[in-house]
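Shown below: upload-v7.pdb, with PDB, C-alpha atoms.
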```pdb
ATOM      1  CA  MET A   1     -11.956 169.669 -35.235
ATOM      2  CA  ASP A   2     -14.852 172.113 -35.418
ATOM      3  CA  GLU A   3     -15.903 171.332 -38.983
ATOM      4  CA  VAL A   4     -18.609 168.713 -39.441
ATOM      5  CA  PHE A   5     -18.280 167.220 -42.903
ATOM      6  CA  ASP A   6     -21.251 166.183 -44.986
ATOM      7  CA  VAL A   7     -19.502 163.000 -46.130
ATOM      8  CA  MET A   8     -16.561 161.151 -44.645
ATOM      9  CA  ILE A   9     -15.024 158.340 -46.709
ATOM     10  CA  ILE A  10     -12.824 155.738 -45.059
ATOM     11  CA  GLY A  11     -10.349 154.414 -47.626
ATOM     12  CA  ALA A  12      -8.892 155.803 -50.849
ATOM     13  CA  GLY A  13      -9.080 152.921 -53.289
ATOM     14  CA  ALA A  14     -11.152 152.980 -56.468
ATOM     15  CA  ALA A  15     -14.461 152.962 -54.557
ATOM     16  CA  GLY A  16     -13.407 155.633 -52.079
ATOM     17  CA  LEU A  17     -11.929 157.989 -54.671
ATOM     18  CA  THR A  18     -15.010 157.629 -56.866
ATOM     19  CA  ALA A  19     -17.274 158.370 -53.914
ATOM     20  CA  GLY A  20     -15.113 161.406 -53.211
ATOM     21  CA  ILE A  21     -15.453 162.613 -56.797
ATOM     22  CA  TYR A  22     -19.240 162.295 -56.794
ATOM     23  CA  ALA A  23     -19.829 163.675 -53.303
ATOM     24  CA  SER A  24     -17.564 166.703 -53.667
ATOM     25  CA  ARG A  25     -18.867 167.475 -57.152
ATOM     26  CA  ALA A  26     -22.356 167.540 -55.600
ATOM     27  CA  LYS A  27     -21.066 170.420 -53.421
ATOM     28  CA  LEU A  28     -20.997 168.276 -50.277
ATOM     29  CA  SER A  29     -18.096 168.930 -47.923
ATOM     30  CA  THR A  30     -16.124 165.717 -48.244
ATOM     31  CA  VAL A  31     -13.043 164.208 -46.647
ATOM     32  CA  ILE A  32     -11.282 160.915 -47.331
ATOM     33  CA  LEU A  33      -9.303 159.328 -44.500
ATOM     34  CA  ASN A  34      -6.838 156.748 -45.715
ATOM     35  CA  GLU A  35      -4.456 154.536 -43.749
ATOM     36  CA  GLY A  36      -2.147 153.472 -46.570
ATOM     37  CA  ALA A  37      -1.186 154.609 -50.027
ATOM     38  CA  VAL A  38      -3.865 156.313 -52.102
ATOM     39  CA  GLY A  39      -5.160 153.920 -54.760
ATOM     40  CA  GLY A  40      -5.609 150.691 -52.818
ATOM     41  CA  GLN A  41      -5.285 147.539 -54.915
ATOM     42  CA  MET A  42      -4.837 149.638 -58.078
ATOM     43  CA  VAL A  43      -1.369 150.630 -56.930
ATOM     44  CA  LEU A  44      -0.376 146.949 -56.768
ATOM     45  CA  THR A  45      -1.497 146.277 -60.341
ATOM     46  CA  GLU A  46       1.316 146.562 -62.858
ATOM     47  CA  GLU A  47      -1.011 147.465 -65.735
ATOM     48  CA  ILE A  48      -4.759 147.964 -66.075
ATOM     49  CA  ALA A  49      -5.819 147.214 -69.628
ATOM     50  CA  ASN A  50      -9.567 146.655 -69.240
ATOM     51  CA  TYR A  51     -10.789 149.954 -67.764
ATOM     52  CA  PRO A  52     -13.386 151.165 -70.290
ATOM     53  CA  GLY A  53     -12.386 154.201 -72.296
ATOM     54  CA  VAL A  54      -8.856 154.327 -70.887
ATOM     55  CA  PRO A  55      -5.858 152.928 -72.809
ATOM     56  CA  ALA A  56      -3.721 150.416 -70.925
ATOM     57  CA  THR A  57      -2.166 152.282 -68.013
ATOM     58  CA  LYS A  58      -0.163 151.670 -64.866
ATOM     59  CA  GLY A  59      -2.322 151.070 -61.821
ATOM     60  CA  TYR A  60      -0.679 153.858 -59.821
ATOM     61  CA  MET A  61      -1.260 156.299 -62.693
ATOM     62  CA  LEU A  62      -5.003 155.581 -62.810
ATOM     63  CA  ALA A  63      -5.125 155.959 -59.025
ATOM     64  CA  ASN A  64      -3.349 159.319 -59.210
ATOM     65  CA  THR A  65      -5.744 160.533 -61.911
ATOM     66  CA  MET A  66      -8.720 159.661 -59.692
ATOM     67  CA  LYS A  67      -7.049 161.371 -56.719
ATOM     68  CA  GLN A  68      -6.443 164.607 -58.622
ATOM     69  CA  GLN A  69      -9.975 164.550 -60.000
ATOM     70  CA  ALA A  70     -11.447 164.236 -56.498
ATOM     71  CA  LYS A  71      -9.256 167.055 -55.195
ATOM     72  CA  SER A  72     -10.239 169.284 -58.126
ATOM     73  CA  PHE A  73     -13.837 169.195 -56.899
ATOM     74  CA  GLY A  74     -12.821 170.135 -53.367
ATOM     75  CA  CYS A  75     -12.492 166.726 -51.753
ATOM     76  CA  LYS A  76      -9.945 166.696 -48.926
ATOM     77  CA  ILE A  77      -7.688 163.635 -48.707
ATOM     78  CA  LYS A  78      -5.776 162.820 -45.539
ATOM     79  CA  SER A  79      -3.408 159.885 -45.932
ATOM     80  CA  ASN A  80      -1.302 157.835 -43.525
ATOM     81  CA  VAL A  81      -3.824 158.179 -40.714
ATOM     82  CA  LYS A  82      -4.718 155.449 -38.261
ATOM     83  CA  ILE A  83      -8.318 155.305 -37.041
ATOM     84  CA  VAL A  84      -8.553 153.895 -33.518
ATOM     85  CA  ARG A  85     -12.221 154.417 -32.716
ATOM     86  CA  TYR A  86     -15.522 154.775 -34.573
ATOM     87  CA  TYR A  87     -18.775 156.293 -33.308
ATOM     88  CA  LEU A  88     -21.221 155.574 -36.120
ATOM     89  CA  GLU A  89     -24.596 155.879 -34.406
ATOM     90  CA  GLY A  90     -26.591 159.112 -34.324
ATOM     91  CA  GLU A  91     -26.960 162.007 -36.713
ATOM     92  CA  VAL A  92     -23.334 163.097 -36.270
ATOM     93  CA  LYS A  93     -20.700 160.370 -36.547
ATOM     94  CA  THR A  94     -17.153 160.666 -35.174
ATOM     95  CA  VAL A  95     -13.862 158.912 -35.794
ATOM     96  CA  GLU A  96     -10.816 159.289 -33.581
ATOM     97  CA  LEU A  97      -7.267 159.004 -34.897
ATOM     98  CA  GLU A  98      -4.179 157.579 -33.276
ATOM     99  CA  ASP A  99      -2.590 161.046 -33.120
ATOM    100  CA  GLY A 100      -5.467 162.394 -31.012
ATOM    101  CA  ARG A 101      -7.358 164.198 -33.761
ATOM    102  CA  SER A 102     -11.031 163.515 -34.398
ATOM    103  CA  PHE A 103     -13.309 164.117 -37.367
ATOM    104  CA  GLN A 104     -17.066 164.520 -37.394
ATOM    105  CA  THR A 105     -19.475 163.929 -40.234
ATOM    106  CA  LYS A 106     -23.154 163.642 -41.080
ATOM    107  CA  SER A 107     -22.638 160.513 -43.200
ATOM    108  CA  VAL A 108     -19.974 157.873 -43.672
ATOM    109  CA  ILE A 109     -18.958 155.773 -46.677
ATOM    110  CA  LEU A 110     -16.799 152.812 -45.690
ATOM    111  CA  THR A 111     -14.364 151.782 -48.430
ATOM    112  CA  PRO A 112     -11.486 150.090 -46.568
ATOM    113  CA  GLY A 113     -11.050 147.589 -49.400
ATOM    114  CA  GLY A 114      -9.637 144.127 -49.017
ATOM    115  CA  ARG A 115      -6.670 141.995 -49.903
ATOM    116  CA  PRO A 116      -6.097 138.575 -51.439
ATOM    117  CA  ARG A 117      -4.854 136.001 -48.980
ATOM    118  CA  SER A 118      -1.148 135.458 -49.328
ATOM    119  CA  LEU A 119       0.772 132.204 -49.099
ATOM    120  CA  ASN A 120       3.396 133.959 -46.943
ATOM    121  CA  ILE A 121       6.281 131.968 -48.391
ATOM    122  CA  GLN A 122       9.747 132.796 -49.661
ATOM    123  CA  GLY A 123       9.815 135.120 -52.660
ATOM    124  CA  GLU A 124       6.122 136.056 -52.664
ATOM    125  CA  ASP A 125       6.635 139.715 -51.814
ATOM    126  CA  GLN A 126       9.653 139.906 -54.125
ATOM    127  CA  PHE A 127       7.771 138.725 -57.214
ATOM    128  CA  LYS A 128       4.387 140.398 -56.707
ATOM    129  CA  GLY A 129       3.669 142.128 -60.014
ATOM    130  CA  LYS A 130       6.729 140.421 -61.505
ATOM    131  CA  GLY A 131       5.161 137.062 -62.219
ATOM    132  CA  ILE A 132       2.861 136.650 -59.217
ATOM    133  CA  SER A 133      -0.738 137.807 -59.603
ATOM    134  CA  TYR A 134      -3.974 137.476 -57.688
ATOM    135  CA  CYS A 135      -6.309 138.361 -60.573
ATOM    136  CA  ALA A 136      -6.584 136.427 -63.849
ATOM    137  CA  THR A 137      -9.042 138.936 -65.303
ATOM    138  CA  CYS A 138      -6.561 141.747 -64.664
ATOM    139  CA  ASP A 139      -3.353 140.077 -65.759
ATOM    140  CA  GLY A 140      -4.194 137.001 -67.833
ATOM    141  CA  ASP A 141      -3.373 138.492 -71.224
ATOM    142  CA  PHE A 142       0.167 139.338 -70.073
ATOM    143  CA  PHE A 143       0.855 135.592 -70.118
ATOM    144  CA  THR A 144      -0.251 134.902 -73.673
ATOM    145  CA  GLY A 145       1.735 132.002 -75.093
ATOM    146  CA  LYS A 146       3.323 131.240 -71.708
ATOM    147  CA  GLU A 147       3.032 128.594 -68.993
ATOM    148  CA  VAL A 148       1.520 129.482 -65.615
ATOM    149  CA  VAL A 149       0.710 127.943 -62.252
ATOM    150  CA  VAL A 150      -2.564 128.376 -60.372
ATOM    151  CA  VAL A 151      -2.651 127.810 -56.606
ATOM    152  CA  GLY A 152      -5.930 126.807 -54.965
ATOM    153  CA  GLY A 153      -8.808 124.364 -55.137
ATOM    154  CA  GLY A 154     -11.975 126.410 -54.756
ATOM    155  CA  ASN A 155     -14.359 127.804 -57.346
ATOM    156  CA  SER A 156     -12.238 130.886 -58.006
ATOM    157  CA  ALA A 157      -9.070 128.877 -58.583
ATOM    158  CA  LEU A 158     -10.650 126.463 -61.045
ATOM    159  CA  GLU A 159     -12.725 129.046 -62.877
ATOM    160  CA  GLU A 160      -9.745 131.368 -63.218
ATOM    161  CA  ALA A 161      -7.559 128.463 -64.368
ATOM    162  CA  VAL A 162     -10.005 127.761 -67.181
ATOM    163  CA  ALA A 163     -10.101 131.471 -68.063
ATOM    164  CA  LEU A 164      -6.294 131.546 -68.211
ATOM    165  CA  THR A 165      -6.265 128.855 -70.902
ATOM    166  CA  GLN A 166      -7.467 131.563 -73.297
ATOM    167  CA  TYR A 167      -3.969 133.017 -73.034
ATOM    168  CA  ALA A 168      -1.525 130.484 -71.597
ATOM    169  CA  THR A 169      -0.310 127.391 -73.407
ATOM    170  CA  LYS A 170      -0.306 125.406 -70.169
ATOM    171  CA  VAL A 171      -1.889 125.883 -66.732
ATOM    172  CA  THR A 172      -0.779 123.751 -63.790
ATOM    173  CA  ILE A 173      -3.109 123.734 -60.782
ATOM    174  CA  VAL A 174      -1.369 123.059 -57.458
ATOM    175  CA  HIS A 175      -3.702 122.054 -54.626
ATOM    176  CA  GLN A 176      -2.976 120.882 -51.098
ATOM    177  CA  PHE A 177      -5.670 118.194 -50.946
ATOM    178  CA  ASP A 178      -6.500 115.124 -53.058
ATOM    179  CA  HIS A 179      -9.890 116.629 -53.953
ATOM    180  CA  PHE A 180     -11.272 120.065 -54.811
ATOM    181  CA  GLN A 181     -13.633 122.243 -52.761
ATOM    182  CA  ALA A 182     -15.189 123.738 -55.886
ATOM    183  CA  PHE A 183     -18.611 122.961 -57.327
ATOM    184  CA  LYS A 184     -18.816 119.848 -59.470
ATOM    185  CA  HIS A 185     -19.332 121.738 -62.735
ATOM    186  CA  ALA A 186     -16.229 123.866 -62.098
ATOM    187  CA  VAL A 187     -14.135 120.766 -61.416
ATOM    188  CA  GLU A 188     -15.421 118.980 -64.509
ATOM    189  CA  GLU A 189     -14.780 121.983 -66.741
ATOM    190  CA  ALA A 190     -11.194 122.195 -65.527
ATOM    191  CA  GLN A 191     -10.584 118.453 -65.828
ATOM    192  CA  LYS A 192     -11.751 118.293 -69.427
ATOM    193  CA  ASN A 193      -9.578 121.208 -70.528
ATOM    194  CA  PRO A 194      -6.507 119.819 -72.356
ATOM    195  CA  LYS A 195      -4.336 122.766 -71.334
ATOM    196  CA  ILE A 196      -4.768 122.139 -67.606
ATOM    197  CA  GLU A 197      -2.631 119.770 -65.536
ATOM    198  CA  PHE A 198      -2.997 118.962 -61.833
ATOM    199  CA  VAL A 199      -0.488 118.602 -59.009
ATOM    200  CA  MET A 200      -2.492 117.366 -56.032
ATOM    201  CA  GLU A 201      -1.647 116.994 -52.344
ATOM    202  CA  SER A 202       1.056 119.583 -52.802
ATOM    203  CA  GLU A 203       1.927 123.083 -51.628
ATOM    204  CA  LEU A 204       4.244 125.795 -52.884
ATOM    205  CA  ARG A 205       7.285 126.397 -50.699
ATOM    206  CA  GLY A 206       9.041 129.172 -52.579
ATOM    207  CA  PHE A 207       9.268 131.456 -55.617
ATOM    208  CA  HIS A 208      12.552 131.889 -57.457
ATOM    209  CA  GLY A 209      13.817 133.971 -60.355
ATOM    210  CA  ASN A 210      16.152 136.693 -61.518
ATOM    211  CA  GLY A 211      14.222 139.955 -61.564
ATOM    212  CA  VAL A 212      11.068 138.117 -62.647
ATOM    213  CA  LEU A 213       9.557 134.813 -61.555
ATOM    214  CA  GLN A 214      11.103 131.821 -63.303
ATOM    215  CA  LYS A 215      10.254 128.786 -61.169
ATOM    216  CA  VAL A 216       8.356 127.596 -58.106
ATOM    217  CA  GLU A 217       9.343 125.092 -55.460
ATOM    218  CA  ILE A 218       6.672 122.477 -54.697
ATOM    219  CA  GLU A 219       6.397 120.001 -51.837
ATOM    220  CA  HIS A 220       4.401 116.779 -52.229
ATOM    221  CA  LEU A 221       2.803 116.577 -48.776
ATOM    222  CA  PRO A 222       2.435 112.786 -48.324
ATOM    223  CA  SER A 223       6.078 112.100 -49.200
ATOM    224  CA  GLY A 224       7.707 115.400 -48.251
ATOM    225  CA  LYS A 225       9.545 115.344 -51.572
ATOM    226  CA  ARG A 226      10.325 118.722 -53.096
ATOM    227  CA  SER A 227      10.683 119.595 -56.759
ATOM    228  CA  GLU A 228      10.958 122.672 -58.950
ATOM    229  CA  LEU A 229       8.641 123.666 -61.768
ATOM    230  CA  LYS A 230       9.595 126.243 -64.372
ATOM    231  CA  THR A 231       6.875 128.801 -64.915
ATOM    232  CA  ASP A 232       6.329 132.262 -66.343
ATOM    233  CA  GLY A 233       3.737 133.224 -63.764
ATOM    234  CA  THR A 234       1.753 132.122 -60.736
ATOM    235  CA  PHE A 235      -1.830 133.053 -59.886
ATOM    236  CA  ILE A 236      -2.810 132.672 -56.226
ATOM    237  CA  PHE A 237      -6.462 132.040 -55.345
ATOM    238  CA  VAL A 238      -6.593 130.935 -51.717
ATOM    239  CA  GLY A 239      -9.232 133.337 -50.497
ATOM    240  CA  TYR A 240      -9.875 137.035 -49.964
ATOM    241  CA  GLN A 241      -9.822 139.153 -46.805
ATOM    242  CA  PRO A 242     -11.896 142.342 -46.434
ATOM    243  CA  ASN A 243     -10.190 145.009 -44.337
ATOM    244  CA  THR A 244     -12.975 145.127 -41.780
ATOM    245  CA  GLU A 245     -11.224 143.953 -38.612
ATOM    246  CA  SER A 246     -11.753 147.341 -36.915
ATOM    247  CA  LEU A 247     -15.468 147.335 -37.756
ATOM    248  CA  LYS A 248     -16.438 144.074 -36.043
ATOM    249  CA  GLY A 249     -19.243 144.626 -33.559
ATOM    250  CA  LEU A 250     -20.100 148.038 -34.973
ATOM    251  CA  LEU A 251     -22.288 147.071 -37.914
ATOM    252  CA  GLN A 252     -23.563 143.953 -39.623
ATOM    253  CA  LEU A 253     -20.963 141.706 -41.274
ATOM    254  CA  ASN A 254     -21.456 138.314 -42.891
ATOM    255  CA  GLU A 255     -19.589 135.087 -42.143
ATOM    256  CA  ARG A 256     -16.717 136.242 -44.388
ATOM    257  CA  ASN A 257     -16.456 139.533 -42.485
ATOM    258  CA  GLU A 258     -17.790 141.457 -45.487
ATOM    259  CA  ILE A 259     -20.017 144.451 -44.793
ATOM    260  CA  ILE A 260     -23.629 143.644 -45.624
ATOM    261  CA  VAL A 261     -25.219 146.309 -47.840
ATOM    262  CA  ASP A 262     -28.374 146.624 -49.917
ATOM    263  CA  SER A 263     -28.590 147.759 -53.542
ATOM    264  CA  ASP A 264     -28.139 151.395 -52.407
ATOM    265  CA  MET A 265     -24.943 150.483 -50.508
ATOM    266  CA  LYS A 266     -26.722 151.120 -47.191
ATOM    267  CA  THR A 267     -25.354 149.293 -44.163
ATOM    268  CA  SER A 268     -27.210 148.318 -40.984
ATOM    269  CA  ILE A 269     -26.667 151.848 -39.566
ATOM    270  CA  ASP A 270     -28.531 154.926 -40.812
ATOM    271  CA  GLY A 271     -26.248 157.312 -42.625
ATOM    272  CA  VAL A 272     -23.487 154.743 -43.032
ATOM    273  CA  PHE A 273     -22.788 153.277 -46.469
ATOM    274  CA  ALA A 274     -20.112 150.931 -47.795
ATOM    275  CA  ALA A 275     -18.613 150.208 -51.197
ATOM    276  CA  GLY A 276     -15.889 148.289 -52.980
ATOM    277  CA  ASP A 277     -14.012 145.162 -52.021
ATOM    278  CA  CYS A 278     -15.169 145.253 -48.380
ATOM    279  CA  ILE A 279     -18.835 144.491 -49.134
ATOM    280  CA  ASN A 280     -20.762 141.290 -49.812
ATOM    281  CA  LYS A 281     -20.327 140.884 -53.563
ATOM    282  CA  LYS A 282     -19.193 138.339 -56.120
ATOM    283  CA  TYR A 283     -16.937 140.240 -58.516
ATOM    284  CA  ARG A 284     -14.040 142.459 -57.462
ATOM    285  CA  GLN A 285     -12.729 144.671 -60.241
ATOM    286  CA  VAL A 286     -11.787 148.333 -60.488
ATOM    287  CA  THR A 287     -14.944 148.905 -62.527
ATOM    288  CA  THR A 288     -17.237 147.269 -59.952
ATOM    289  CA  ALA A 289     -15.587 149.265 -57.161
ATOM    290  CA  VAL A 290     -16.145 152.470 -59.138
ATOM    291  CA  ALA A 291     -19.816 151.557 -59.593
ATOM    292  CA  ASP A 292     -20.208 150.829 -55.884
ATOM    293  CA  GLY A 293     -18.583 154.141 -54.961
ATOM    294  CA  THR A 294     -20.877 156.019 -57.308
ATOM    295  CA  ILE A 295     -23.993 154.440 -55.809
ATOM    296  CA  ALA A 296     -22.782 155.014 -52.248
ATOM    297  CA  ALA A 297     -22.109 158.712 -52.875
ATOM    298  CA  LEU A 298     -25.480 159.261 -54.532
ATOM    299  CA  SER A 299     -27.200 157.381 -51.702
ATOM    300  CA  ALA A 300     -25.358 159.470 -49.112
ATOM    301  CA  ALA A 301     -26.428 162.662 -50.891
ATOM    302  CA  LYS A 302     -30.035 161.483 -50.865
ATOM    303  CA  TYR A 303     -29.794 160.587 -47.178
ATOM    304  CA  LEU A 304     -28.442 164.040 -46.328
ATOM    305  CA  SER A 305     -31.182 165.734 -48.334
ATOM    306  CA  GLU A 306     -33.915 163.712 -46.627
ATOM    307  CA  THR A 307     -32.367 164.345 -43.210
ATOM    308  CA  GLN A 308     -32.292 168.069 -43.894
ATOM    309  CA  VAL A 309     -35.964 168.049 -44.896
ATOM    310  CA  LYS A 310     -36.898 166.207 -41.691
ATOM    311  CA  GLN A 311     -34.958 168.678 -39.576
ATOM    312  CA  GLU A 312     -36.692 171.612 -41.259
ATOM    313  CA  GLU A 313     -40.082 169.996 -40.681
ATOM    314  CA  VAL A 314     -39.297 169.585 -36.987
ATOM    315  CA  LEU A 315     -38.247 173.242 -36.721
ATOM    316  CA  GLU A 316     -41.453 174.356 -38.454
ATOM    317  CA  ARG A 317     -43.588 172.362 -36.010
ATOM    318  CA  GLU A 318     -41.721 173.796 -33.034
ATOM    319  CA  ALA A 319     -41.959 177.386 -34.319
TER     320      ALA A 319
END
```

Output the file's structure in the form of structure tokens.
Amino acid sequence: MDEVFDVMIIGAGAAGLTAGIYASRAKLSTVILNEGAVGGQMVLTEEIANYPGVPATKGYMLANTMKQQAKSFGCKIKSNVKIVRYYLEGEVKTVELEDGRSFQTKSVILTPGGRPRSLNIQGEDQFKGKGISYCATCDGDFFTGKEVVVVGGGNSALEEAVALTQYATKVTIVHQFDHFQAFKHAVEEAQKNPKIEFVMESELRGFHGNGVLQKVEIEHLPSGKRSELKTDGTFIFVGYQPNTESLKGLLQLNERNEIIVDSDMKTSIDGVFAAGDCINKKYRQVTTAVADGTIAALSAAKYLSETQVKQEEVLEREA
């Protein structure tokens, strides 16, 4: 491809689409390369009710609105592409696709997103969005007056379990060990909450229901005994995986394989920025991804402007 874009964005979730909106509106030639469905984790969210200024809406609808907004400013979006090779060093960066095409750009914004770790057990895929959730902040109020299960024993699991008691009448925490990995204060807060019960040394073995989740199958590990627990919903907090497998060895990642960025979303490579669920951050929400994407696009625009000035200064000296 002869065209060299000003900004290339890898991933079309909330962060990537926002970066595309800001970059293209700044009159920068912009392309988004996306491997999966446009919208990222938004598409998997049944309803988003806490996006400021927007009435409760389906996740895929908010994603489509962002997509159309980016395209209206001239952003090109190429979906269902598979990137097989990155060349991120130098003033012009290149990515090669599985189909043999390549794209060149002066700056890159990495927004490949991430995914909650799954339990990979019977019924999990079937009941995602129909009783199974990976985000209490997103979906907690849908379970007002109902009973739910929380899976996990780290800080996120216990903190989210406590948060869920604002809505649910009962929260049962299922954890595989006889002790928690969370900080002491998180454990104590959960233990003193009258709405929370604990099922220790146990793991879920299956999800069951008719159209929506109605019960979970639990195995008590020491005895091997299995039982069923009726529930209206299950929240899974067993970790989070950034989609950065293809970036290992190319730029600086932390021990959780998150891309390390500074406050301007700059990575360890000049002209390469990152935003959204793939970076080293604490909170993962649509709103935080949008903020990250905004900062990354503005930082990329500044980088391009400064690079242009430097190039002009070099030409003036050589003239």

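Nearest residue to Val92 of chain A among A:Phe183, A:Phe143, A:Tyr167, A:Phe5 is A:Phe5, counting all atoms listed in the file.
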
Using only C-alpha atoms, find each residue in segment 32-101 of chain A having at least one atom no more than 12 Å away from segment 124-129 of chain A; report its shortest atom-to-atom pair and that distance in Å (one decimal), rows by chain then rising number, as a tab-separated table.
```
residue	atom	partner	partner_atom	distance
A:Gln41	CA	A:Gly129	CA	11.6
A:Met42	CA	A:Gly129	CA	11.5
A:Val43	CA	A:Gly129	CA	10.4
A:Leu44	CA	A:Gly129	CA	7.1
A:Thr45	CA	A:Gly129	CA	6.6
A:Glu46	CA	A:Gly129	CA	5.8
A:Glu47	CA	A:Gly129	CA	9.1
A:Ile48	CA	A:Gly129	CA	11.9
A:Lys58	CA	A:Gly129	CA	11.4
A:Gly59	CA	A:Gly129	CA	10.9
```

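For the set A:Val108, A:Ala301, A:Met200, A:Ala274, the residue with the smallest atom-to-atom gap to Thr244 of chain A is A:Ala274, counting only C-alpha atoms.
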
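With all atoms listed in the file as the atoms that count, the residue of A:Glu3, A:Glu217, A:Asp232, A:Glu189 with the shortest distance to Leu204 of chain A is A:Glu217.
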
Check your understanding: Which is closest to Phe177 of chain A among A:Ser227, A:Ser202, A:Ser24, A:Thr137, if we use all atoms listed in the file?
Key -> A:Ser202

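Residue nearest Gln191 of chain A within the list A:Gln311, A:Gln252, A:Thr172, A:Ser107: A:Thr172 [criterion: smallest interatomic distance, only C-alpha atoms].
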
Fewer than 3 positions away in the same chain doesn't count, so skip those; otherwise give me all residues within 10 Å of Glu159 of chain A, counting only C-alpha atoms, as a short mmCIF file (atom, residue, chain, number, x, y, z; two decimals) with C-alpha atoms, in the frame of the given file.
```cif
data_model
loop_
_atom_site.label_atom_id
_atom_site.label_comp_id
_atom_site.auth_asym_id
_atom_site.auth_seq_id
_atom_site.Cartn_x
_atom_site.Cartn_y
_atom_site.Cartn_z
CA ALA A 136 -6.58 136.43 -63.85
CA GLY A 153 -8.81 124.36 -55.14
CA GLY A 154 -11.98 126.41 -54.76
CA ASN A 155 -14.36 127.80 -57.35
CA SER A 156 -12.24 130.89 -58.01
CA VAL A 162 -10.01 127.76 -67.18
CA ALA A 163 -10.10 131.47 -68.06
CA LEU A 164 -6.29 131.55 -68.21
CA ALA A 182 -15.19 123.74 -55.89
CA HIS A 185 -19.33 121.74 -62.74
CA ALA A 186 -16.23 123.87 -62.10
CA VAL A 187 -14.14 120.77 -61.42
CA GLU A 189 -14.78 121.98 -66.74
CA ALA A 190 -11.19 122.20 -65.53
#
```

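Within 9 Å of the file-frame point (-16.8, 147.1, -49.9), and using all atoms listed in the file, the polymer residues found are A:Ala15, A:Leu110, A:Thr111, A:Pro112, A:Gly113, A:Gly114, A:Pro242, A:Asn243, A:Glu258, A:Ile259, A:Ile260, A:Val261, A:Met265, A:Ala274, A:Ala275, A:Gly276, A:Asp277, A:Cys278, A:Ile279, A:Asn280, A:Lys281, A:Ala289, A:Asp292, A:Gly293.
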
Exercise for review: Mind checking which residues fall within 10 Å of Gly100 of chain A, counting all atoms listed in the file, ignoring those fewer than 2 positions away in the same chain, and posting them as a PyMOL selection string?
Suggested key: chain A and resi 83-84+96-98+102

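Distance annotation: of A:Phe73, A:Phe273, A:Tyr134, A:Tyr51, the residue with the minimal separation from Lys27 of chain A is A:Phe73; atom set is all atoms listed in the file.
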
Exercise for review: Evaluate the PyMOL selection byres ((chain A and resi 206) around 7) here and jot the selected residues down as a PyMOL selection string.
Suggested key: chain A and resi 121-123+204-205+207-208+216-217

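Between atom CA of Pro222 of chain A and atom CA of Thr234 of chain A there is a distance of 23.0 Å.
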
**Study point:** Test item: the PyMOL selection byres ((chain A and resi 297) around 8) resolved as an NGL selection string
**Key:** :A and (19-20 or 22-23 or 109 or 293-296 or 298-301)

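Our summary of the geometry notes that atom CA of Ile196 of chain A is positioned 9.0 Å from atom CA of Thr169 of chain A.
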
Report, as AutoDock Vina command-line options, the axis-aligned box around all atoms of segment 160-173 of chain A present in the file, extended by 8 Å on each side; give centre and edge lengths in Å to one decimal place.
```
--center_x -5.2 --center_y 128.4 --center_z -67.1 --size_x 25.8 --size_y 25.3 --size_z 28.6
```

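Residues matched by the PyMOL selection byres ((chain A and resi 144) around 10) in this file: Asp139, Gly140, Asp141, Phe142, Phe143, Gly145, Lys146, Glu147, Val148, Leu164, Thr165, Gln166, Tyr167, Ala168 and Thr169 of chain A.
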
Check your understanding: Separation of atom CA of Thr65 of chain A and atom CA of Ile21 of chain A, in Å?
Key -> 11.2 Å

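The shell of residues at most 6 Å from Asp6 of chain A, with all atoms listed in the file counted and near chain neighbours (fewer than 6 positions) removed, consists of A:Leu28, A:Ser29, A:Thr105, A:Lys106.
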
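Residues of protein, DNA or RNA having at least one counted atom within 6 Å of (0.1, 122.9, -56.8), given all atoms listed in the file, are Val151, Ile173, Val174, His175, Val199, Ser202 and Glu203 of chain A.
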
Once N, CA and C atoms are restored for segment 40-48 of chain A, what would the output be as a CSV table (one decimal), in the coordinates of the input?
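Done, and the output landed in part.csv:
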```
chain,number,residue,atom,x,y,z
A,40,GLY,N,-5.2,152.1,-53.2
A,40,GLY,CA,-5.6,150.7,-52.8
A,40,GLY,C,-5.0,149.6,-53.7
A,41,GLN,N,-5.8,148.6,-54.1
A,41,GLN,CA,-5.3,147.5,-54.9
A,41,GLN,C,-4.8,148.0,-56.3
A,42,MET,N,-5.3,149.1,-56.8
A,42,MET,CA,-4.8,149.6,-58.1
A,42,MET,C,-3.3,149.8,-58.1
A,43,VAL,N,-2.8,150.3,-57.0
A,43,VAL,CA,-1.4,150.6,-56.9
A,43,VAL,C,-0.5,149.4,-57.1
A,44,LEU,N,-1.1,148.2,-56.7
A,44,LEU,CA,-0.4,146.9,-56.8
A,44,LEU,C,-0.5,146.3,-58.1
A,45,THR,N,-1.3,146.9,-59.0
A,45,THR,CA,-1.5,146.3,-60.3
A,45,THR,C,-0.5,146.9,-61.3
A,46,GLU,N,0.3,146.1,-61.9
A,46,GLU,CA,1.3,146.6,-62.9
A,46,GLU,C,0.7,147.3,-64.0
A,47,GLU,N,-0.4,146.8,-64.6
A,47,GLU,CA,-1.0,147.5,-65.7
A,47,GLU,C,-2.5,147.1,-65.7
A,48,ILE,N,-3.3,148.1,-66.0
A,48,ILE,CA,-4.8,148.0,-66.1
A,48,ILE,C,-5.1,148.2,-67.5
```
